[in-house]
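Undergrad: Got a structure here, written out as structure tokens. Questions coming.
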Amino acid sequence: MSKANMLVAAVIAASAFLAADAQAEQTSISKQALDVTGPATTLQTLAEAKPVTAPHAMVVTAQHLATQVGVNILKQGGNAVDAAVAVGYALAVVHPCCGNIGGGGFMVIHLASGKNLFLDFREKAPLKATPTMFQDAQGNVVPGLSTKSFLAVGVPGTVMGLNAALKKYGTMTLQQVMAPAIALAKDGYVLQQGDIKILDTRNKDFAEHPNVAAIFLDHGQPYKVGDKLVQPQLARTLELIAKDGSKVFYKGPIARAVVAASEQNGGLLTMKDFADYSVAWSKPVSCEYRGYEVISSPPPSSGGTTVCEILQIIKPYPFAKWGYGSVEATHYLAEAERFAFADRNTYLGDPAFVKNPIAQLLSPQHAAWIRARIKPDAATPSSKVKGSLGGTEGQHTTHYSVVDAKGNAVSVTYTINFLFGVGQIAGDTGFFLNDEMDDFTSKPGVPNAFGLVQGRIDEVRPGKRPLSSMTPTVVLRKGKLFMVTGSPGGSTIISTTMESIINVVDFGMNMQQAVDAPRMHQQWLPDLVMVEPGYLTPATQAALEKMGYTFKMVHAWGADEAILRNSKTHLLEGANDDRRTSGLAAGY
Ligand code: DON
């Protein structure tokens, strides 16, 4: 199907599905877990969707002020790493749901010299953590323990991660890159509709804790558009970090405040947990797809491995001919995702604790073994699919992207898990703590907040990092930068990131269309395909249902903040996902 036809078909489908969405059932992914803050996808305008273009450099983040911070750093002569660190701290102020210093994440760096790096600053489990800590005496998982109690909090990694990146590859001082974030916290910033929408998701929770209400409610009432959010406590915390670096966070007053709050509230965190925390540099996971090189996140993220496994499975199929949203493309994508997620949940975990069979999972033999099991005309019941290396013989959150004028690129996804994490702030530190422990397996076979049914491989262990789906990614062509992409959305991060790549490479979309286009997602269990309004036409839905598929309509997920180097115009294309109205792409 031509691109024009495909977009027309999608537009026709949109109205039917927007209506159907009104009766959408509850998704099996918990609502709080999934980042459902965006508007309906604007399919009606997808055909006209155009990215922001710039010749030299580009920054795309989920909050417009953070984007401006990044662009200013680049204009002052900073490189992509300087800008990425400045943006990381700025988002902690202006995007407090997701940008953070109380959580952790991953950074993929592509240097213009050709070098590719991965920085892991994922949270670690406290040393007193145990595999059964989220179960009662009968072995049943206690609801809320891994998401709403202080047991949910992992040792945060963001501060050490950002500072380590700056030290190794930045050119500016910590004071220089943190100054804009400190000013935004101290002087405040005006809340726009996009910001209010996100705050509104947890206003009720803010009221439960006086130190949270004092910052995130206006005299007990929700903030409104046009109000100013001033965060003096956070400004003070950031000033301490700017002055003394990571040690103030891991060995000084900030660690002490978090440990005290944890002790008062039944948590396990100790000063030793903070003192022992470390970040890790390693090689990204990579794979070839139709002449492009995908550079992405290895364990403890499952993201890069799973995206690459899906791409290896679908490589021989004629996706460009089939077209976006076609019966064939949807079927083979859903099947590839089903098998790859089964492998993800069975084989992947923190590399400091488990051996990840990445080479096997990404081998041509394994992809062929899976393809041989996919029927052309029927969905495979997930009950018949097990994570298997057989046949290989031989395997809330926010994302931002930065490209500088020299061609260095930085792709960052970091998180406190749910929107506003565990919903609690330690004393007067001013920042939300994560509930990342929920990404572990609370009990083998019992789904986590993202519906992921994981195994022992991801069980809680002292000092272990929970398996993540975050997928900050850089795509190269002939060794040169082509795309920077990634997204929030828990388990859906993997399909969202993968779809942004195939929407460009296979379906010929520009960067804005590729991130705005309605999405689909299959994750092995539960055995259903999530679709956004407008992804399917009534005819393709009927054909796929006949093949055995069950669909769940979910209203807008993810926020892919992406950049593309257009190979014809040579311009950078920046795209803020239209589901995240607070965001912005800007360059020069
Ligand atoms: O690391 C992970 O996979 C999750 N903690 C990410 C959470 C997330 O994306 C929440 N946003 N919707």
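Going through the structure tokens in order, the chains are called A, B, and so on, while each chain numbers its residues from 1 and the ligands are numbered from 1 in the order shown.
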May I have the residues within 10 Å of Lys283 in chain A as a list in words, using only C-alpha atoms and disregarding those fewer than 4 positions away in the same chain?
TA: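 After dropping sequence-adjacent residues, the list is Val108, Lys115, Asn116, Leu117, Phe118, Leu119, Ile295, Ser296, Ser297 and Pro298 of chain A.
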Undergrad: Would you save the residues of that selection, restricted to C-alpha atoms, as a PDB file, in the first residue's frame?
TA:
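Final output, result.pdb:
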```pdb
ATOM      1  CA  VAL A 108      23.215   5.608  24.944  1.00  0.00           C
ATOM      2  CA  LYS A 115      32.367   5.228  19.335  1.00  0.00           C
ATOM      3  CA  ASN A 116      29.142   3.957  20.939  1.00  0.00           C
ATOM      4  CA  LEU A 117      28.656   3.722  24.713  1.00  0.00           C
ATOM      5  CA  PHE A 118      26.047   2.619  27.203  1.00  0.00           C
ATOM      6  CA  LEU A 119      25.726   4.029  30.709  1.00  0.00           C
ATOM      7  CA  ILE A 295      22.525   0.716  18.849  1.00  0.00           C
ATOM      8  CA  SER A 296      20.527   0.219  22.011  1.00  0.00           C
ATOM      9  CA  SER A 297      20.298  -0.740  25.665  1.00  0.00           C
ATOM     10  CA  PRO A 298      21.663  -4.082  26.921  1.00  0.00           C
TER      11      PRO A 298
END
```
Undergrad: Enumerate as a list in words all residues of range 321-410 of chain A assigned to strand (DSSP E or B) by DSSP on the backbone, naming them with the chain letters and numbers the document uses.
TA: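 Reading the DSSP output for range 321-410 of chain A, strand (DSSP E or B) covers Thr397, Thr398, His399, Tyr400, Ser401, Val402, Val403, Ala409 and Val410 of chain A.
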Undergrad: Enumerate as a PyMOL selection string the residues within 8 Å of ligand 1, counting only C-alpha atoms and all ligand atoms.
TA: chain A and resi 33-36+98+105+301+396-398+414-419+436+438-439+466-470+487-493+557-558
Undergrad: Which distance in Å separates CA of Thr550 in chain A and CA of Arg456 in chain A, to one decimal?
TA: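 Between CA of Thr550 in chain A and CA of Arg456 in chain A the gap works out to 28.4 Å.
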Undergrad: Write out as an mmCIF file with C-alpha atoms, in the first residue's frame each polymer residue whose atoms come within 9 Å of range 474-486 of chain A, counting only C-alpha atoms; drop sequence neighbours fewer than 4 positions from it.
TA:
```
data_model
loop_
_atom_site.group_PDB
_atom_site.id
_atom_site.type_symbol
_atom_site.label_atom_id
_atom_site.label_comp_id
_atom_site.auth_asym_id
_atom_site.auth_seq_id
_atom_site.Cartn_x
_atom_site.Cartn_y
_atom_site.Cartn_z
ATOM 1 C CA VAL A 108 23.215 5.608 24.944
ATOM 2 C CA ILE A 109 25.933 7.830 23.484
ATOM 3 C CA HIS A 110 27.073 7.900 19.878
ATOM 4 C CA ALA A 112 30.950 11.560 16.098
ATOM 5 C CA GLY A 114 32.148 6.465 15.750
ATOM 6 C CA GLY A 291 21.068 -1.603 6.115
ATOM 7 C CA TYR A 292 20.729 0.337 9.380
ATOM 8 C CA GLU A 293 22.627 -0.318 12.584
ATOM 9 C CA VAL A 294 20.502 -0.223 15.727
ATOM 10 C CA ILE A 295 22.525 0.716 18.849
ATOM 11 C CA SER A 296 20.527 0.219 22.011
ATOM 12 C CA THR A 398 10.702 10.167 30.201
ATOM 13 C CA HIS A 399 12.831 9.943 27.102
ATOM 14 C CA TYR A 400 14.866 12.711 25.491
ATOM 15 C CA SER A 401 17.163 12.977 22.512
ATOM 16 C CA VAL A 402 20.047 15.354 21.788
ATOM 17 C CA VAL A 403 22.212 15.830 18.684
ATOM 18 C CA GLY A 407 27.239 14.822 15.122
ATOM 19 C CA ASN A 408 27.455 13.483 18.682
ATOM 20 C CA ALA A 409 24.149 12.025 19.829
ATOM 21 C CA VAL A 410 22.770 11.196 23.269
ATOM 22 C CA SER A 411 19.644 9.131 23.910
ATOM 23 C CA VAL A 412 18.374 9.024 27.511
ATOM 24 C CA THR A 413 15.424 7.292 29.146
ATOM 25 C CA MET A 470 13.661 1.302 28.782
ATOM 26 C CA ILE A 493 8.494 1.160 25.413
ATOM 27 C CA ILE A 494 9.881 -1.744 23.410
ATOM 28 C CA THR A 496 6.965 2.057 20.625
ATOM 29 C CA THR A 497 10.704 2.381 19.985
ATOM 30 C CA MET A 498 10.690 -0.449 17.447
ATOM 31 C CA SER A 500 9.358 4.479 15.385
ATOM 32 C CA ILE A 501 12.179 2.746 13.494
ATOM 33 C CA MET A 511 10.007 11.637 12.082
ATOM 34 C CA ALA A 559 5.994 9.723 24.417
ATOM 35 C CA ASP A 560 8.688 9.189 21.814
ATOM 36 C CA GLU A 561 10.904 12.286 21.679
ATOM 37 C CA ALA A 562 12.929 11.574 18.567
ATOM 38 C CA ILE A 563 15.418 13.008 16.077
ATOM 39 C CA LEU A 564 16.193 11.950 12.499
ATOM 40 C CA ARG A 565 18.906 13.070 10.094
ATOM 41 C CA ASN A 566 17.030 13.290 6.785
ATOM 42 C CA SER A 567 19.280 11.665 4.213
#
```
Undergrad: Please list as a list of chain:residue names every residue within 8 Å of Arg519 in chain A, counting only C-alpha atoms and excluding residues in the same chain fewer than 3 positions away.
TA: A:Thr496, A:Glu499, A:Val531, A:Glu532, A:Tyr535
